[in-house]
file run_24.json (JSON, C-alpha atoms)
[["chain", "number", "residue", "atom", "x", "y", "z"],
["A", 1054, "MET", "CA", -6.91, 11.37, -15.08],
["A", 1055, "GLU", "CA", -7.78, 8.72, -12.50],
["A", 1056, "THR", "CA", -6.94, 8.25, -8.84],
["A", 1057, "ALA", "CA", -5.00, 5.11, -8.05],
["A", 1058, "TYR", "CA", -4.78, 3.83, -4.50],
["A", 1059, "ILE", "CA", -1.39, 2.26, -3.95],
["A", 1060, "GLY", "CA", -0.70, -0.17, -1.12],
["A", 1061, "MET", "CA", 2.81, 0.20, 0.29],
["A", 1062, "GLY", "CA", 4.62, -2.20, 2.58],
["A", 1063, "GLY", "CA", 7.96, -3.60, 3.62],
["A", 1064, "ASN", "CA", 9.81, -5.15, 6.55],
["A", 1065, "LEU", "CA", 13.47, -5.16, 5.49],
["A", 1066, "ALA", "CA", 15.91, -2.27, 5.35],
["A", 1067, "SER", "CA", 16.92, -0.85, 1.96],
["A", 1068, "TRP", "CA", 19.56, 1.66, 0.88],
["A", 1069, "ALA", "CA", 17.18, 4.33, 2.21],
["A", 1070, "GLY", "CA", 17.30, 2.86, 5.74],
["A", 1071, "THR", "CA", 14.62, 1.19, 7.85],
["A", 1072, "ALA", "CA", 11.27, 0.06, 6.47],
["A", 1073, "GLU", "CA", 9.80, 3.40, 7.60],
["A", 1074, "ALA", "CA", 12.54, 5.32, 5.78],
["A", 1075, "THR", "CA", 12.09, 3.13, 2.70],
["A", 1076, "LEU", "CA", 8.35, 3.85, 2.47],
["A", 1077, "THR", "CA", 9.05, 7.55, 2.99],
["A", 1078, "ALA", "CA", 11.58, 7.62, 0.14],
["A", 1079, "ALA", "CA", 9.34, 5.46, -2.08],
["A", 1080, "ALA", "CA", 6.47, 7.91, -1.58],
["A", 1081, "LEU", "CA", 8.62, 10.61, -3.14],
["A", 1082, "ARG", "CA", 9.39, 8.30, -6.07],
["A", 1083, "LEU", "CA", 5.64, 7.78, -6.64],
["A", 1084, "GLN", "CA", 5.48, 11.42, -7.71],
["A", 1085, "MET", "CA", 7.24, 10.42, -10.93],
["A", 1086, "LEU", "CA", 4.07, 8.49, -11.83],
["A", 1087, "GLY", "CA", 1.54, 11.18, -10.96],
["A", 1088, "ARG", "CA", 0.53, 13.55, -8.17],
["A", 1089, "LEU", "CA", 0.19, 12.38, -4.58],
["A", 1090, "THR", "CA", -3.14, 13.70, -3.32],
["A", 1091, "GLY", "CA", -3.32, 11.79, -0.04],
["A", 1092, "ARG", "CA", -1.44, 9.38, 2.15],
["A", 1093, "SER", "CA", -2.34, 7.48, 5.26],
["A", 1094, "SER", "CA", -0.41, 7.18, 8.47],
["A", 1095, "LEU", "CA", 2.20, 4.47, 8.78],
["A", 1096, "TYR", "CA", 1.10, 1.24, 10.47],
["A", 1097, "SER", "CA", 3.04, -1.58, 12.06],
["A", 1098, "THR", "CA", 1.34, -4.82, 11.02],
["A", 1099, "GLU", "CA", 1.55, -8.53, 11.74],
["A", 1100, "PRO", "CA", 2.97, -10.69, 8.94],
["A", 1101, "VAL", "CA", 0.35, -12.61, 6.98],
["A", 1102, "GLY", "CA", 0.96, -16.08, 5.58],
["A", 1103, "PHE", "CA", 4.48, -16.52, 7.02],
["A", 1104, "ALA", "CA", 4.79, -15.59, 10.68],
["A", 1105, "GLU", "CA", 8.55, -16.08, 11.22],
["A", 1106, "GLN", "CA", 9.61, -12.65, 10.00],
["A", 1107, "PRO", "CA", 9.67, -9.05, 11.28],
["A", 1108, "ARG", "CA", 6.48, -7.00, 11.47],
["A", 1109, "PHE", "CA", 5.72, -4.95, 8.38],
["A", 1110, "VAL", "CA", 5.27, -1.22, 7.93],
["A", 1111, "ASN", "CA", 2.27, -0.38, 5.74],
["A", 1112, "ALA", "CA", 0.46, 2.62, 4.34],
["A", 1113, "VAL", "CA", -1.74, 3.62, 1.41],
["A", 1114, "ALA", "CA", -1.19, 6.49, -1.03],
["A", 1115, "ALA", "CA", -3.68, 8.20, -3.33],
["A", 1116, "LEU", "CA", -2.02, 8.98, -6.65],
["A", 1117, "GLU", "CA", -3.69, 11.04, -9.37],
["A", 1118, "THR", "CA", -2.25, 9.69, -12.61],
["A", 1119, "GLU", "CA", -2.71, 9.72, -16.37],
["A", 1120, "LEU", "CA", -1.07, 6.30, -16.66],
["A", 1121, "GLY", "CA", -3.09, 3.26, -17.64],
["A", 1122, "ALA", "CA", -3.04, 0.13, -15.49],
["A", 1123, "HIS", "CA", -0.14, -1.59, -17.28],
["A", 1124, "ALA", "CA", 2.06, 1.51, -17.39],
["A", 1125, "LEU", "CA", 1.35, 2.21, -13.72],
["A", 1126, "LEU", "CA", 2.21, -1.36, -12.76],
["A", 1127, "LYS", "CA", 5.46, -1.15, -14.74],
["A", 1128, "GLY", "CA", 6.35, 2.08, -12.94],
["A", 1129, "LEU", "CA", 5.62, 0.59, -9.51],
["A", 1130, "LEU", "CA", 7.72, -2.51, -10.24],
["A", 1131, "GLY", "CA", 10.56, -0.23, -11.33],
["A", 1132, "ILE", "CA", 10.39, 1.64, -8.00],
["A", 1133, "GLU", "CA", 10.40, -1.66, -6.10],
["A", 1134, "GLN", "CA", 13.57, -2.68, -7.95],
["A", 1135, "GLU", "CA", 15.22, 0.64, -7.11],
["A", 1136, "PHE", "CA", 14.76, -0.22, -3.43],
["A", 1137, "GLY", "CA", 16.21, -3.72, -3.81],
["A", 1138, "ARG", "CA", 13.05, -5.78, -4.33],
["A", 1139, "ASP", "CA", 13.38, -8.73, -6.69],
["A", 1140, "ARG", "CA", 10.00, -10.40, -7.14],
["A", 1141, "SER", "CA", 11.63, -13.41, -8.82],
["A", 1142, "ALA", "CA", 13.64, -14.15, -5.65],
["A", 1143, "GLY", "CA", 12.33, -15.03, -2.20],
["A", 1144, "PHE", "CA", 8.96, -16.65, -1.66],
["A", 1145, "GLN", "CA", 5.30, -15.66, -1.44],
["A", 1146, "ASN", "CA", 4.45, -13.67, 1.69],
["A", 1147, "GLY", "CA", 8.12, -13.59, 2.67],
["A", 1148, "PRO", "CA", 10.15, -10.58, 3.84],
["A", 1149, "ARG", "CA", 10.82, -7.78, 1.37],
["A", 1150, "THR", "CA", 12.23, -4.25, 1.20],
["A", 1151, "LEU", "CA", 9.27, -2.76, -0.64],
["A", 1152, "ASP", "CA", 5.93, -3.87, -2.01],
["A", 1153, "LEU", "CA", 3.81, -1.52, -4.13],
["A", 1154, "ASP", "CA", 0.39, -2.79, -5.18],
["A", 1155, "ILE", "CA", -2.41, -1.20, -7.18],
["A", 1156, "LEU", "CA", -5.41, -1.57, -4.89],
["A", 1157, "LEU", "CA", -7.88, 0.42, -7.00],
["A", 1158, "LEU", "CA", -7.65, 2.54, -10.14],
["A", 1159, "GLY", "CA", -10.77, 4.63, -10.57],
["A", 1160, "GLY", "CA", -13.63, 2.21, -11.18],
["A", 1161, "LEU", "CA", -11.50, -0.03, -13.37],
["A", 1162, "LYS", "CA", -11.84, -3.81, -13.26],
["A", 1163, "VAL", "CA", -9.00, -5.89, -14.73],
["A", 1164, "SER", "CA", -8.40, -9.62, -14.39],
["A", 1165, "GLU", "CA", -5.46, -11.02, -16.30],
["A", 1166, "PRO", "CA", -2.21, -12.81, -15.47],
["A", 1167, "GLY", "CA", -0.03, -10.53, -13.39],
["A", 1168, "LEU", "CA", -2.63, -7.77, -13.01],
["A", 1169, "GLU", "CA", -5.88, -7.77, -11.06],
["A", 1170, "ILE", "CA", -7.73, -4.58, -10.18],
["A", 1171, "PRO", "CA", -9.29, -4.18, -7.65],
["A", 1172, "HIS", "CA", -6.64, -6.08, -5.71],
["A", 1173, "PRO", "CA", -8.06, -9.59, -5.26],
["A", 1174, "ARG", "CA", -7.37, -9.73, -1.49],
["A", 1175, "LEU", "CA", -8.39, -6.16, -0.71],
["A", 1176, "ALA", "CA", -11.36, -7.16, 1.47],
["A", 1177, "GLU", "CA", -9.26, -9.70, 3.42],
["A", 1178, "ARG", "CA", -6.43, -7.44, 4.57],
["A", 1179, "LEU", "CA", -6.68, -5.34, 7.73],
["A", 1180, "PHE", "CA", -3.26, -3.87, 6.93],
["A", 1181, "VAL", "CA", -4.67, -2.53, 3.64],
["A", 1182, "LEU", "CA", -8.19, -1.53, 4.67],
["A", 1183, "THR", "CA", -7.13, 0.30, 7.86],
["A", 1184, "PRO", "CA", -4.88, 2.85, 6.10],
["A", 1185, "LEU", "CA", -7.18, 2.98, 3.05],
["A", 1186, "CYS", "CA", -10.15, 3.89, 5.26],
["A", 1187, "GLU", "CA", -8.08, 6.62, 6.85],
["A", 1188, "ILE", "CA", -7.87, 8.49, 3.54],
["A", 1189, "ALA", "CA", -10.91, 7.23, 1.57],
["A", 1190, "PRO", "CA", -13.56, 5.61, 3.82],
["A", 1191, "ARG", "CA", -16.42, 6.20, 1.35],
["A", 1192, "LEU", "CA", -14.53, 4.90, -1.67],
["A", 1193, "VAL", "CA", -16.53, 2.06, -3.26],
["A", 1194, "ASP", "CA", -14.97, -1.25, -4.24],
["A", 1195, "PRO", "CA", -16.16, -1.89, -7.82],
["A", 1196, "ALA", "CA", -15.96, -5.65, -7.23],
["A", 1197, "SER", "CA", -18.30, -5.85, -4.22],
["A", 1198, "GLY", "CA", -20.15, -2.52, -4.41],
["A", 1199, "LYS", "CA", -19.26, -1.90, -0.74],
["A", 1200, "SER", "CA", -17.43, 1.09, 0.69],
["A", 1201, "MET", "CA", -14.00, 0.71, 2.24],
["A", 1202, "SER", "CA", -15.47, 1.45, 5.68],
["A", 1203, "GLN", "CA", -18.07, -1.31, 5.21],
["A", 1204, "LEU", "CA", -15.36, -3.78, 4.18],
["A", 1205, "LEU", "CA", -13.22, -2.79, 7.17],
["A", 1206, "HIS", "CA", -16.13, -3.07, 9.60],
["A", 1207, "ALA", "CA", -16.91, -6.58, 8.35],
["A", 1208, "LEU", "CA", -13.28, -7.65, 8.59],
["A", 1209, "GLU", "CA", -12.79, -6.17, 12.06],
["A", 1210, "GLY", "CA", -15.80, -8.15, 13.24],
["A", 1211, "ALA", "CA", -14.08, -11.33, 12.06],
["A", 1212, "SER", "CA", -10.75, -10.34, 13.67],
["A", 1213, "VAL", "CA", -11.76, -10.04, 17.32],
["A", 1214, "GLY", "CA", -8.80, -10.68, 19.62],
["A", 1215, "LYS", "CA", -6.19, -9.39, 17.13],
["A", 1216, "ASP", "CA", -5.64, -6.05, 18.88],
["A", 1217, "HIS", "CA", -2.00, -5.71, 17.80],
["A", 1218, "ALA", "CA", -2.45, -6.77, 14.17],
["A", 1219, "VAL", "CA", -2.43, -3.17, 12.87],
["A", 1220, "VAL", "CA", -0.96, -0.38, 15.02],
["A", 1221, "LYS", "CA", -0.42, 3.25, 13.94],
["A", 1222, "ILE", "CA", 3.19, 4.38, 14.31],
["A", 1223, "GLU", "CA", 5.04, 7.69, 14.11],
["A", 1224, "PHE", "CA", 8.11, 8.32, 11.98],
["A", 1225, "GLY", "CA", 9.84, 11.66, 11.54],
["A", 1226, "GLY", "CA", 9.65, 12.76, 7.92],
["A", 1227, "TRP", "CA", 6.47, 10.83, 7.12],
["A", 1228, "ARG", "CA", 3.44, 13.06, 7.03],
["A", 1229, "ALA", "CA", -0.06, 11.71, 6.63],
["A", 1230, "GLY", "CA", -2.51, 14.04, 4.97],
["A", 1231, "GLY", "CA", -4.33, 15.09, 1.85],
["A", 1232, "ALA", "CA", -2.30, 17.91, 0.31],
["A", 1233, "GLY", "CA", -0.02, 17.41, -2.65],
["A", 1234, "VAL", "CA", 3.68, 17.09, -1.98],
["A", 1235, "GLY", "CA", 6.07, 19.72, -3.21],
["A", 1236, "ALA", "CA", 9.45, 18.95, -4.74],
["A", 1237, "GLY", "CA", 12.01, 18.15, -2.09],
["A", 1238, "GLU", "CA", 9.36, 17.63, 0.57],
["A", 1239, "VAL", "CA", 9.21, 14.28, 2.32],
["A", 1240, "ALA", "CA", 5.73, 12.83, 2.35],
["A", 1241, "GLY", "CA", 3.86, 9.81, 3.50],
["A", 1242, "ALA", "CA", 2.14, 7.27, 1.35],
["A", 1243, "GLY", "CA", 0.16, 4.09, 1.61],
["A", 1244, "GLY", "CA", 0.85, 0.36, 2.19],
["A", 1245, "GLY", "CA", 0.20, -3.13, 1.25],
["A", 1246, "HIS", "CA", 1.95, -6.40, 0.51],
["A", 1247, "SER", "CA", 1.37, -9.95, -0.43],
["A", 1248, "GLY", "CA", 2.50, -11.05, 2.93],
["A", 1249, "ASN", "CA", 2.08, -7.55, 3.96],
["A", 1250, "GLY", "CA", 2.55, -5.77, 0.70],
["A", 1251, "ALA", "CA", -1.05, -5.92, -0.30],
["A", 1252, "GLY", "CA", -0.65, -9.22, -1.93]]
call {"tool": "encode", "arguments": {"input": "run_24.json", "output": "structure tokens"}}
result
Amino acid sequence: METAYIGMGGNLASWAGTAEATLTAAALRLQMLGRLTGRSSLYSTEPVGFAEQPRFVNAVAALETELGAHALLKGLLGIEQEFGRDRSAGFQNGPRTLDLDILLLGGLKVSEPGLEIPHPRLAERLFVLTPLCEIAPRLVDPASGKSMSQLLHALEGASVGKDHAVVKIEFGGWRAGGAGVGAGEVAGAGGGHSGNGAG
């Protein structure tokens, strides 16, 4: 059993509603892949890579799972599709209903086409590190050997003047915290994206 940290993000409405409602519903779906043991607050974040699109909503979820990396990725891609995400359509860093990325999976290191763990842009993304540090500040990145709080501190130093890049938001039904989520209970999770998935 390992703990996976899943980046969650989106900036388009899905059948579940707004981006906030989509992440809330997707967090419940994550429980089919394991047990949610923690989730950050929701954050409104500036788009990365392509500015002419709505702000994203991001969070990070901690998921205790028995699934290996490939099975977990397959499950996450299936959840994305349920919420209307088609990775073969659109363009890199463009708008999307839902982005679910494996940021870390225990101390695992994987580098192959279509799957890189830790996430290759983890240390470059305020919208990933901010929520990740909220739930696991002392977690160590196996690639750099640095803690999440150290990575965030370094990135914040390089992002002076970007005060509105990552802003905590409130949404009824989303609950940040560390306890597991019971059946039928709406819970929060975590975020990330390629443009603001985690990508």
call {"tool": "residues_around", "arguments": {"input": "run_24.json", "residues": "range 1129-1134 of chain A", "least_positions_apart": "6", "cutoff": "8 Å", "atoms": "only C-alpha atoms", "output": "PyMOL selection string"}}
result
chain A and resi 1079+1082-1083+1150-1154
call {"tool": "residues_near_point", "arguments": {"input": "run_24.json", "point": "(-5.5, 5.3, -9.6)", "cutoff": "10 Å", "atoms": "all atoms listed in the file", "output": "list in words"}}
result
Met1054, Glu1055, Thr1056, Ala1057, Tyr1058, Ile1059, Gly1087, Ala1114, Ala1115, Leu1116, Glu1117, Thr1118, Glu1119, Leu1120, Gly1121, Ala1122, Leu1125, Ile1155, Leu1156, Leu1157, Leu1158, Gly1159, Gly1160 and Leu1161 of chain A
call {"tool": "atom_distance", "arguments": {"input": "run_24.json", "atom1": "CA of Glu1169 in chain A", "atom2": "CA of Leu1126 in chain A"}}
result
10.5 Å
call {"tool": "residues_near_point", "arguments": {"input": "run_24.json", "point": "(7.8, -3.6, 8.8)", "cutoff": "9 Å", "atoms": "all atoms listed in the file", "output": "PyMOL selection string"}}
result
chain A and resi 1062-1066+1071-1073+1096-1100+1107-1111+1148+1150+1249
call {"tool": "closest_residue", "arguments": {"input": "run_24.json", "among": "A:Thr1075, A:Ala1196, A:Ala1218, A:Lys1162", "to": "Ala1104 in chain A", "atoms": "all atoms listed in the file"}}
result
A:Ala1218
call {"tool": "decode", "arguments": {"input": "run_24.json", "residues": "range 1100-1173 of chain A", "atoms": "C-alpha atoms", "output": "mmCIF file, in the first residue's frame"}}
result
data_model
loop_
_atom_site.group_PDB
_atom_site.id
_atom_site.type_symbol
_atom_site.label_atom_id
_atom_site.label_comp_id
_atom_site.auth_asym_id
_atom_site.auth_seq_id
_atom_site.Cartn_x
_atom_site.Cartn_y
_atom_site.Cartn_z
ATOM 1 C CA PRO A 1100 -3.294 29.657 -16.460
ATOM 2 C CA VAL A 1101 0.215 28.513 -17.358
ATOM 3 C CA GLY A 1102 1.459 28.316 -20.938
ATOM 4 C CA PHE A 1103 -1.698 29.717 -22.582
ATOM 5 C CA ALA A 1104 -3.045 32.862 -20.935
ATOM 6 C CA GLU A 1105 -6.232 33.422 -22.980
ATOM 7 C CA GLN A 1106 -8.458 31.108 -20.959
ATOM 8 C CA PRO A 1107 -10.330 31.130 -17.628
ATOM 9 C CA ARG A 1108 -8.461 30.729 -14.351
ATOM 10 C CA PHE A 1109 -8.135 27.157 -13.127
ATOM 11 C CA VAL A 1110 -9.308 25.516 -9.927
ATOM 12 C CA ASN A 1111 -6.642 23.258 -8.408
ATOM 13 C CA ALA A 1112 -6.118 20.996 -5.423
ATOM 14 C CA VAL A 1113 -4.094 17.962 -4.357
ATOM 15 C CA ALA A 1114 -5.409 14.704 -2.900
ATOM 16 C CA ALA A 1115 -3.551 12.040 -0.927
ATOM 17 C CA LEU A 1116 -4.757 8.601 -1.988
ATOM 18 C CA GLU A 1117 -3.706 5.402 -0.225
ATOM 19 C CA THR A 1118 -3.793 2.748 -2.935
ATOM 20 C CA GLU A 1119 -2.730 -0.793 -3.738
ATOM 21 C CA LEU A 1120 -2.610 0.014 -7.448
ATOM 22 C CA GLY A 1121 0.677 0.143 -9.299
ATOM 23 C CA ALA A 1122 1.625 3.200 -11.340
ATOM 24 C CA HIS A 1123 0.161 2.003 -14.649
ATOM 25 C CA ALA A 1124 -3.115 0.809 -13.142
ATOM 26 C CA LEU A 1125 -3.465 4.063 -11.202
ATOM 27 C CA LEU A 1126 -2.823 6.124 -14.325
ATOM 28 C CA LYS A 1127 -5.415 4.094 -16.238
ATOM 29 C CA GLY A 1128 -7.950 4.705 -13.465
ATOM 30 C CA LEU A 1129 -7.267 8.449 -13.421
ATOM 31 C CA LEU A 1130 -7.613 8.721 -17.199
ATOM 32 C CA GLY A 1131 -10.922 6.868 -16.955
ATOM 33 C CA ILE A 1132 -12.199 9.391 -14.386
ATOM 34 C CA GLU A 1133 -11.093 12.273 -16.627
ATOM 35 C CA GLN A 1134 -13.095 10.779 -19.494
ATOM 36 C CA GLU A 1135 -16.160 10.428 -17.266
ATOM 37 C CA PHE A 1136 -16.045 14.197 -16.755
ATOM 38 C CA GLY A 1137 -15.704 14.952 -20.465
ATOM 39 C CA ARG A 1138 -11.922 15.224 -20.828
ATOM 40 C CA ASP A 1139 -10.493 13.964 -24.101
ATOM 41 C CA ARG A 1140 -6.700 14.180 -24.021
ATOM 42 C CA SER A 1141 -6.508 13.549 -27.774
ATOM 43 C CA ALA A 1142 -8.520 16.723 -28.464
ATOM 44 C CA GLY A 1143 -7.605 20.301 -27.624
ATOM 45 C CA PHE A 1144 -4.018 21.445 -27.221
ATOM 46 C CA GLN A 1145 -1.281 21.430 -24.599
ATOM 47 C CA ASN A 1146 -1.969 23.749 -21.657
ATOM 48 C CA GLY A 1147 -5.413 24.548 -23.064
ATOM 49 C CA PRO A 1148 -8.734 24.597 -21.196
ATOM 50 C CA ARG A 1149 -10.112 21.325 -19.862
ATOM 51 C CA THR A 1150 -12.877 19.966 -17.634
ATOM 52 C CA LEU A 1151 -10.600 17.820 -15.489
ATOM 53 C CA ASP A 1152 -6.928 16.988 -15.204
ATOM 54 C CA LEU A 1153 -5.717 14.273 -12.825
ATOM 55 C CA ASP A 1154 -1.958 13.800 -12.545
ATOM 56 C CA ILE A 1155 0.161 11.470 -10.444
ATOM 57 C CA LEU A 1156 2.554 13.834 -8.699
ATOM 58 C CA LEU A 1157 4.224 11.263 -6.448
ATOM 59 C CA LEU A 1158 3.652 7.590 -5.654
ATOM 60 C CA GLY A 1159 5.553 6.583 -2.545
ATOM 61 C CA GLY A 1160 9.252 6.887 -3.372
ATOM 62 C CA LEU A 1161 8.755 5.500 -6.868
ATOM 63 C CA LYS A 1162 10.706 6.857 -9.831
ATOM 64 C CA VAL A 1163 9.383 6.077 -13.325
ATOM 65 C CA SER A 1164 10.444 7.610 -16.629
ATOM 66 C CA GLU A 1165 8.824 6.181 -19.727
ATOM 67 C CA PRO A 1166 6.605 7.461 -22.537
ATOM 68 C CA GLY A 1167 3.296 8.611 -21.089
ATOM 69 C CA LEU A 1168 4.300 8.133 -17.446
ATOM 70 C CA GLU A 1169 6.808 10.069 -15.359
ATOM 71 C CA ILE A 1170 6.873 9.900 -11.569
ATOM 72 C CA PRO A 1171 7.616 12.203 -9.797
ATOM 73 C CA HIS A 1172 5.768 14.583 -12.100
ATOM 74 C CA PRO A 1173 8.482 16.207 -14.239
#
